[in-house]
Structures are given as structure tokens and as C-alpha cells.
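Structure first, commentary second.
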There are 2 protein chains.
Amino acid sequence: MLVKDLNKLVNKEAEIKGWVFNLRSSGSLYFLQIRDGSGFVQAIVNKESVASEVWEQCQKITLETSVVLQGVVTEHPKKIGEYELQVTGLKLIHIAEEYPIGKKEHGPDFLMEWRHLWLRSPKQWAILRVRDAIILAINEFLHQQNFIKVDSPVFTPNACEGTTTLFAVPYFDLGNAFLSQSGQLYIEAAISSVGRCYDFGPVFRAEKSKTKRHLTEFWMMDAEGAFIEHEENLRLQEDLVRYIIRYCLTNCQKELAILERDTQKLQQADAPFVRLSYDVAIKKLKELGSDIQYGDDLGNDDEGLLTKDSAVPVFIEKWPKSIKPFYMKRDSSNPDLVLNDDLIATEGAGELIGGSQREDDYNLLLERIKAEGLKVEDYEWYLDMRKYGSVPHSGFGIGLERTVRWITGVEHIRECIPFPRMITRLKP
Amino acid sequence: MLVKDLNKLVNKEAEIKGWVFNLRSSGSLYFLQIRDGSGFVQAIVNKESVASEVWEQCQKITLETSVVLQGVVTEHPKKIGEYELQVTGLKLIHIAEEYPIGKKEHGPDFLMEWRHLWLRSPKQWAILRVRDAIILAINEFLHQQNFIKVDSPVFTPNACEGTTTLFAVPYFDLGNAFLSQSGQLYIEAAISSVGRCYDFGPVFRAEKSKTKRHLTEFWMMDAEGAFIEHEENLRLQEDLVRYIIRYCLTNCQKELAILERDTQKLQQADAPFVRLSYDVAIKKLKELGSDIQYGDDLGNDDEGLLTKDSAVPVFIEKWPKSIKPFYMKRDSSNPDLVLNDDLIATEGAGELIGGSQREDDYNLLLERIKAEGLKVEDYEWYLDMRKYGSVPHSGFGIGLERTVRWITGVEHIRECIPFPRMITRLKP
């Protein structure tokens with residue numbers, strides 16, 4: 001019997017298996033806080049009503065000891081919808097040694113060193129479960145929209161966006177392979193087969209950034225669709241993000257409560273998103289006191305400024321092509337701009353999504369590849385798509401950990417992935 | 001309008017967008033085979049009933065030209081459940097150059113070189129879609145069984161199973177990172193938080209094997225559950241595989257027809273699986289003429305021999321511990337054996353799953369780590385799980401491409417992943 005299902009056995013006998021994550025005794029009562037992965041429950045051992053062996057076993061319980069408990073499920077005397085277990089039988093599976101993670105505050109380095117145990121804390125449990133829910137929401141939404149999953153490779157012969165932040169791996173007799181930073185180019189090729197598709201897997205950036213938003217290994221979902229143009233691309237992104245919000249609000253109530261997330265803020269974000277052109281965004285930033293210049297990329301502070309008064313995420317669209325990758329399609333009404341967007345989340349959570357319509361003209365794309373100083377031969381396969389039945393198409397990539405960070409309201413991205421990898425951390 | 005939804009518009013006007021993957025003309029008729037990713041349909045252009053411009057445009061169509069077509073949906077005169085489009089309007093989006101993949105047979109090297117285009121062929125389209133269905137089936141089944149997805153890292157500081165087949169990546173100032181061969185150890189740690197979990201992502205083996213079953217990068221799903229023991233572990237594996245079969249038979253009828261898969265064989269495999277102990281399997285193999293000896297691993301031929309007369313997959317359980325990894329739990333009735341299993345698919349498709357109950361005793365595990373000559377300090381975090389509330393637990397890993405190969409009946413595993421990576425192939 002899982003803890004989450006105890007509500008089905010009120011006033012009946014149940015057996016649960018789990019870990020004691022907290023305990024206190026008071027005279028002839030023992031209060032055991034039990035966790036089994038599906039939920040949390042308080043088990044009460046009453047000396048008067050259990051066999052003497054059970055009471056003796058209780059004395060041996062330490063934090064994180066694993067147990068099997070039998071008992072009668074009762075409604076919590078005060079909290080509606082919560083249940084307790086009035087223990088009748090108890091078996092200790094394994095008495096834990098003194099647990100290194102105590103109730104006092106630990107520094108992040110200490111906790112990261114013990115990440116494999118830290119995951120057991122209710123807050124980390126809640127983050128893992130919200131992350132799972134976001135993954136499910138993404139898969140569900142995309143399939144409803146006729147996308148299928150087409151996995152892109154991790155080993156790539158060349159770079160999608162620049163080469164300075166690539167991890168290189170010696171690969172048999174073929175020189176170096178590079179770990180993928182984005183599967184976009186591959187799923188672009190696949191849309192000519194399946195129409196709409198996405199990948200969803202780990203990507204790698206050897207970036208020497210030690211911010212709260214950087215990991216060297218993180219998960220990304222790239223979606224790409226044939227015959228999708230800029231407007232529809234933005235609509236899809238907005239629909240996806242709002243789907244994620246609703247999915248989590250519906251399915252992760254307990255988790256968000258543990259995280260003390262202000263869910264009203266999430267509810268408010270589930271409304272039509274704001275759209276600003278890059279041009280207007282820069283003007284607005286200057287008014288707000290930023291020293292940003294037209295042609296600059298947006299920094300974290302700028303993203304914060306632009307969204308601080310917005311209850312909904314903000315699209316910044318149509319950026320200067322000079323600061324964006326070669327594959328973005330030019331805006332026909334102003335060829336210095338591209339048909340792209342960045343989606344900035346609320347509450348200072350920063351960029352969630354980058355997307356664009358892709359250049360579908362063979363000659364214009366070839367020109368851009370050359371202008372960027374990229375080797376044409378590396379992109380011949382990618383150009384092929386524009387030789388054999390080119391179609392207008394668009395796509396976007398959403399960072400999983402950034403989305404988890406936003407939905408959970410967690411400060412640091414390293415808590416948004418089970419085993420984070422950073423410049424200075426490769427363990428456990 | 002997607003081709004798959006044309007059945008909803010019989011005798012009505014529809015517009016579709018896609019690629020011409022075959023065409024022929026016959027007097028005043030043009031027959032265009034259209035693909036849009038969601039399905040395939042024949043569009044018929046009748047010179048008598050279309051504007052002269054439309055007929056002229058038809059003359060320009062080459063293989064893989066992208067088009068927008070308007071027309072009236074009609075039922076296929078002979079094939080029930082198939083539809084045709086009687087074209088009224090046509091726009092060419094992009095006239096394809098001469099397509100390199102013709103109707104004649106091409107060798108595998110040629111096709112792999114053009115993998116980005118080869119994916120467009122109906123057979124490859126069908127494989128991509130079956131792969132997607134298998135992924136969905138796995139995610140769906142596991143969530144029904146209360147597993148959540150907990151992603152394990154790709155960058156690892158040490159090896160799960162031996163070091164000879166690891167890819168090494170220079171990692172900042174921390175020496176080498178190794179690309180994960182399996183996330184098992186990590187999800188084992190996570191069960192103490194979430195109870196049941198799985199990862200599902202790319203794994204890497206630098207194995208110098210050039211068989212039909214080897215890739216250097218492939219996808220694996222590892223599941224792990226607290227309080228699951230050997231018997232339940234086998235039951236879960238069987239239930240999962242049978243769920244996948246049923247899911248594909250229900251949702252991939254068209255795809256399996258294109259692949260000319262004998263679906264009766266799959267239906268027959270959806271029945272209780274056979275179980276053999278390793279001991280009995282060796283005896284049986286000897287009877288069948290194999291020169292295998294007790295204590296040997298099973299080769300492909302052995303797997304084939306053991307399953308050739310079986311309509312259902314075969315579990316080989318309880319192997320000698322000497323040929324299995326250190327983390328497997330010893331069989332209490334014979335400590336030379338471990339509580340593990342390999343699941344061998346039917347029709348010569350080979351091993352799909354490897355699983356075991358895990359050693360949950362700190363001292364026995366430590367002893368095994370030392371005996372294998374592994375560095376204890378590398379596994380201290382893994383041992384911790386046995387220090388702080390150890391529980392009986394089991395898990396298994398299923399190879400995605402091997403499952404795709406089995407369900408689709410495709411000969412070579414390189415067709416079972418969108419962009420295969422092999423010893424001699426890193427492109428496109």
C-alpha cells in the first residue's frame with residue numbers, strides 16, 4: 001500500500017513501507033514521520049496498545065531508518081484530507097547510521113556533496129516530482145499537437161551555434177566528436193519525414209559561467225514543424241507554457257505547497273502573453289534606466305526589468321539578425337531583422353524559450369553560412385533540406401531546468417536537475 | 001488539414017500541404033503520391049477539370065517537390081478506409097532538384113550518407129513512428145505503476161560497468177568526465193526519495209563491435225523500485241514488454257503494415273513469458289549442440305537457439321555471480337548465483353532487458369567492490385544508500401533501439417535510431 005492511497009483505507013488495516021524522516025516521543029507515544037516516495041504520513045505508536053516488542057523496536061529507530069508498518073488508517077484530527085496510521089505492528093528493515101544531513105542549515109557545497117541523500121528531503125522530492133510533471137506535460141501537449149519524438153544525436157561532427165563552448169570527445173579514428181548543444185538542425189531534417197517532431201534530451205555547454213542559471217549538462221526540448229510560420233510558432237510556445245502551468249497546478253498541489261510556491265502568481269501567468277518587438281523592448285529598457293544599446297543582447301538584468309511589472313511571460317520578437325544565429329529567417333518587411341522570439345518568464349526567472357522561423361531559401365542560407373565563417377561542407381546535409389522540397393518551417397527550444405526553476409520558484413538551477421553538473425562539480 | 005484527418009472531410013473541400021514522393025501521368029491524368037508526415041494520400045489531377053495553370057504546374061513537379069493542394073476528398077474506389085484527393089487547386093512551394101535516393105536498391109553506406117533524406121522513405125517514417133509509440137508506451141506504463149522520471153547524468157566521474165568501453169571527455173580542471181553507460185546507480189540513489197523512478201536517455205559505449213546490434217550512442221530506459229524483489233521485478237518487465245506490444249499493435253497498424261511486419265507473431269508474444277534458470281538454459285543449449293560451458297556468457301547464437309521455438313520472450317534468470325556485475329544481489333538459496341535476469345526477445349531479436357535485485361547489504365556490497373578491484377572511494381556515495389535506511393530493491397534496463405528492432409522486424413539496428421552513431425560513422 002502506498003502512502004498516497006491511504007485515504008482509500010480509512011478505519012481499516014494497512015501496511016506501508018518507507019523511511020522515518022522525523023520522529024519524536026512523548027511519554028507513552030512515538031510519532032514517526034514516514035516517507036515512501038508517494039507521500040508523507042505520521043504514524044503513531046501507543047505503548048498501551050502495541051506489543052512490548054514493538055515498543056522496544058521503536059527505541060532503536062534513527063533518522064532515515066527503513067521500516068515496515070502495519071496499522072489502522074485514521075483521519076487527521078485537525079487537517080482535512082490528511083491521514084495518520086495508528087501503528088499495530090512494526091518491523092525495522094535497516095537501522096540507519098547517524099544521518100549527515102541534519103535539521104540545521106547546511107551550505108550549498110555541503111548539500112551538493114551529499115546530493116544522493118539530499119534528494120530525500122521533502123523540498124527536493126517536490127522538485128523531482130514537479131520536474132516529472134513538466135516532462136509529462138510537454139510530451140502530452142506536443143502529441144496533442146501532432147508532434148512525435150525524434151531523438152537527435154549527442155555525438156555531432158560539428159557545432160550548431162559557435163564552437164567555443166563545445167565539449168570534445170576523441171572518437172575512434174574519426175578525430176573528435178562534439179557533444180550536442182542543440183538537436184535543432186537534426187529535427188529540422190526530420191520534419192520532411194514526419195511533419196512535426198521534437199527531441200528532448202541532455203545537451204552540453206562548456207560555458208565558463210558560474211551563474212544561478214548555468215549548468216554544463218541540462219535538458220532541452222526542441223520542437224520543429226513543417227509549414228509553421230512565425231505567428232503560429234509563437235502561439236504554440238504560449239499554448240505549451242500555459243499547458244505546463246495548468247498541468248502543474250492541477251497535478252502538483254502538494255509539491256507546490258511544500259515548496260511554498262505562490263501559486264496565484266502561476267495562475268495569473270496563465271493568460272495571454274505580452275509581445276514586444278526587440279526595437280520596442282530596447283526603448284522601454286532605456287526609459288527604465290538601462291544603458292543597453294540597440295544591437296546588444298539582453299542581459300539578465302534587462303530581462304528582469306522588462307518583466308518586473310508583468311503578470312505573464314513576455315515575448316521579445318524580431319531581433320537584429322547580426323546578433324542571432326545564421327539559420328533564422330529574415331523578416332520580409334525588414335531584412336535586418338529575423339523572425340525569432342525569446343520568451344521571458346515572470347518573477348525574474350529569465351529566458352525559458354528561444355525560437356524562430358528558419359531560413360528556407362537555399363541561397364540565402366548558404367550566404368549566411370559563408371558570412372558567419374562557417375565551413376560550408378559541414379552544413380551541406382543541412383542545406384539539402386532546402387534543395388529537395390524546402391518548406392516554410394519554425395521551431396523553438398525550451399530549457400527544462402529553467403522551466404522547473406520558474407514553476408517551483410527555486411532560487412538556484414542546480415536544484416532543478418537530479419544530479420547537477422557544473423564547472424566545478426562532477427560528483428556524485 | 002492533415003492527411004490523417006482527411007476521412008473527416010469525405011466529399012468536401014480540403015487543403016493539404018506536403019511532399020510529392022511519387023508521381024505518374026497517364027494521358028489527361030496526373031497521380032501524385034503525397035506525404036505530409038501524418039500519412040500518405042493519392043492526389044489526382046484531371047486535366048479536364050482543373051484550370052490550365054494547374055495542369056501546367058503539374059509538368060514541373062519532381063520527386064520531393066513541396067506542394068499545397070486543394071481538392072475534394074473521395075473514398076478510394078477499391079481500398080476501404082483509404083481516401084483520395086480530386087485536385088482543384090495546386091501551388092508548388094519548392095521544386096526539388098533531382099533527388100539522390102531513387103527507386104533502385106541502394107547500399108547501406110549510401111543510405112547512411114544520406115540519412116537526413118533517407119528518413120523520408122515510408123519505411124523509415126514508419127520506424128520513427130513506431131519508435132515514438134514505444135517511448136510513449138514506456139512512459140505511460142511506468143507512470144501507471146507509480147514510477148516517475150528522474151534523469152541520471154551523462155557526465156560521470158566513474159564507470160558503472162568496467163572502464164574499457166568508456167568515452168572520456170576533458171572536463172575543465174577536473175580531469176576527465178566519462179559518458180554514462182547506464183544511469184542505474186543514480187536512480188538507485190533516487191528511490192530513497194521517490195520510491196520508484198526511471199531514467200530514459202542516451203547512453204554511450206565505446207565498444208569496438210561492428211555487429212547488427214551495436215551503436216556507440218543509444219537510448220536506454222533504466223527503472224528502479226524500492227521494496228521490489230526479484231519475482232516482482234520479472235513481473236514488471238513482462239508487463240512492460242507486453243504493454244509495448246499491445247500499444248504498438250493498437251496504435252501503429254499502418255506503420256507495421258508498411259514495414260510488412262508479421263503482427264501475428266507480435267500478438268502471440270503477448271502471452272506469459274517463459275522462464276529458464278541459467279543452469280537449465282546451459283543444459284538446454286548443450287542438448288541443442290552449442291559448445292557453451294557453465295560459467296560462459298550467452299552469445300547471440302545461444303540466444304537465438306534458446307528462443308527459436310518460443311512464441312514468447314524468454315527470461316534467463318539466476319546467473320553465476322562470477323560473470324555478472326558487483327551490484328547484483330546474491331541468491332540466498334545459492335550464494336554463487338545472483339537474482340538477475342536477461343530477457344531474450346522472439347524471432348532472433350536478442351536481449352531486450354537486463355535486470356536484477358540489487359545487493360542491499362553494505363558489507364557484502366563493499367566486499368564485492370573490493371573483489372572486483374574497483375576503487376572504494378568512487379563508490380562511497382553509492383554505498384551510502386546501504387548505510388542510511390537500506391531497503392530491498394530491484395531494477396532493469398531496456399534498450400530502446402533493440403525494442404524498436406524487434407517490434408518493427410527491421411534487420412539492422414542502425415535503422416532504429418534517427419541518426420545512428422557507429423565506430424565508423426559520425427555523420428550527418
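Residue numbering restarts at 1 in every chain; chains get A, B, ... in the order shown in the C-alpha cells, and ligands count up from 1 in that same order.
Every chain A residue lying within 6 Å of chain B, based on only C-alpha atoms, is listed here: A:Asp36, A:Gly37, A:Glu64, A:Thr65, A:Ser66, A:His94, A:Ala96, A:Glu97, A:His116, A:Leu119, A:Arg120, A:Asp132, A:Lys149, A:Val169, A:Ala189, A:Ser193, A:Val194, A:Gly195, A:Lys387, A:Tyr388, A:Gly389, A:Ser390.
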Next on the checklist: Could you pull out the helix (DSSP H, G or I) residues of segment 193-400 of chain B, going by DSSP on the backbone, and write them as a PyMOL selection string?
Outcome noted: chain B and resi 193-194+230-251+253-258+263-269+278-287+300-307+321-323+362-371+376-384+400
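Those residues that approach Ser28 of chain A to within 8 Å, counting only C-alpha atoms, are Asn46, Lys47 and Glu48 of chain A; same-chain residues fewer than 6 positions away are not listed.
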Next on the checklist: Please return, as a list in words, all residues of segment 185-239 of chain A that DSSP assigns to strand (DSSP E) on the basis of the backbone.
Outcome noted: Arg196, Cys197, Tyr198, Asp199, Phe200, Gly201, Pro202, Val203, Phe204, Glu217, Phe218, Trp219, Met220, Met221, Asp222, Ala223, Glu224, Gly225 and Ala226 of chain A
Output as a Markdown table one row per residue of segment 257-347 of chain B within 10 Å of segment 396-401 of chain B: the closest atom pair and its distance in Å to one decimal place, counting only C-alpha atoms, sorted by chain and residue number ascending.
| residue | atom | partner | partner_atom | distance |
| --- | --- | --- | --- | --- |
| B:Asn340 | CA | B:Phe396 | CA | 9.1 |
| B:Asp341 | CA | B:Phe396 | CA | 8.7 |
| B:Asp342 | CA | B:Phe396 | CA | 9.2 |
| B:Leu343 | CA | B:Ile398 | CA | 9.2 |
Output all heavy atoms of each residue in that selection to a file, as a PDB file, in the first residue's frame.
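Writing done, so here's selection11.pdb:
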ATOM      1  N   ASN B 340      19.183 -12.237 -10.854  1.00  0.00           N
ATOM      2  CA  ASN B 340      19.110 -11.363 -12.032  1.00  0.00           C
ATOM      3  C   ASN B 340      18.333 -12.030 -13.154  1.00  0.00           C
ATOM      4  O   ASN B 340      17.916 -13.180 -13.048  1.00  0.00           O
ATOM      5  CB  ASN B 340      20.528 -11.062 -12.520  1.00  0.00           C
ATOM      6  CG  ASN B 340      21.079 -12.227 -13.319  1.00  0.00           C
ATOM      7  OD1 ASN B 340      20.947 -13.375 -12.897  1.00  0.00           O
ATOM      8  ND2 ASN B 340      21.680 -11.948 -14.455  1.00  0.00           N
ATOM      9  N   ASP B 341      18.162 -11.309 -14.237  1.00  0.00           N
ATOM     10  CA  ASP B 341      17.554 -11.895 -15.425  1.00  0.00           C
ATOM     11  C   ASP B 341      17.995 -11.142 -16.666  1.00  0.00           C
ATOM     12  O   ASP B 341      18.264  -9.945 -16.620  1.00  0.00           O
ATOM     13  CB  ASP B 341      16.024 -11.832 -15.339  1.00  0.00           C
ATOM     14  CG  ASP B 341      15.507 -10.405 -15.440  1.00  0.00           C
ATOM     15  OD1 ASP B 341      15.500  -9.711 -14.405  1.00  0.00           O
ATOM     16  OD2 ASP B 341      15.148  -9.966 -16.549  1.00  0.00           O
ATOM     17  N   ASP B 342      18.076 -11.884 -17.761  1.00  0.00           N
ATOM     18  CA  ASP B 342      18.142 -11.290 -19.094  1.00  0.00           C
ATOM     19  C   ASP B 342      16.848 -11.704 -19.787  1.00  0.00           C
ATOM     20  O   ASP B 342      16.425 -12.854 -19.645  1.00  0.00           O
ATOM     21  CB  ASP B 342      19.325 -11.864 -19.891  1.00  0.00           C
ATOM     22  CG  ASP B 342      20.648 -11.185 -19.512  1.00  0.00           C
ATOM     23  OD1 ASP B 342      20.668 -10.407 -18.546  1.00  0.00           O
ATOM     24  OD2 ASP B 342      21.651 -11.471 -20.195  1.00  0.00           O
ATOM     25  N   LEU B 343      16.253 -10.766 -20.515  1.00  0.00           N
ATOM     26  CA  LEU B 343      15.043 -11.123 -21.262  1.00  0.00           C
ATOM     27  C   LEU B 343      15.380 -11.150 -22.752  1.00  0.00           C
ATOM     28  O   LEU B 343      15.820 -10.144 -23.323  1.00  0.00           O
ATOM     29  CB  LEU B 343      13.921 -10.110 -20.997  1.00  0.00           C
ATOM     30  CG  LEU B 343      12.618 -10.413 -21.740  1.00  0.00           C
ATOM     31  CD1 LEU B 343      12.001 -11.723 -21.267  1.00  0.00           C
ATOM     32  CD2 LEU B 343      11.622  -9.265 -21.585  1.00  0.00           C
TER      33      LEU B 343
END
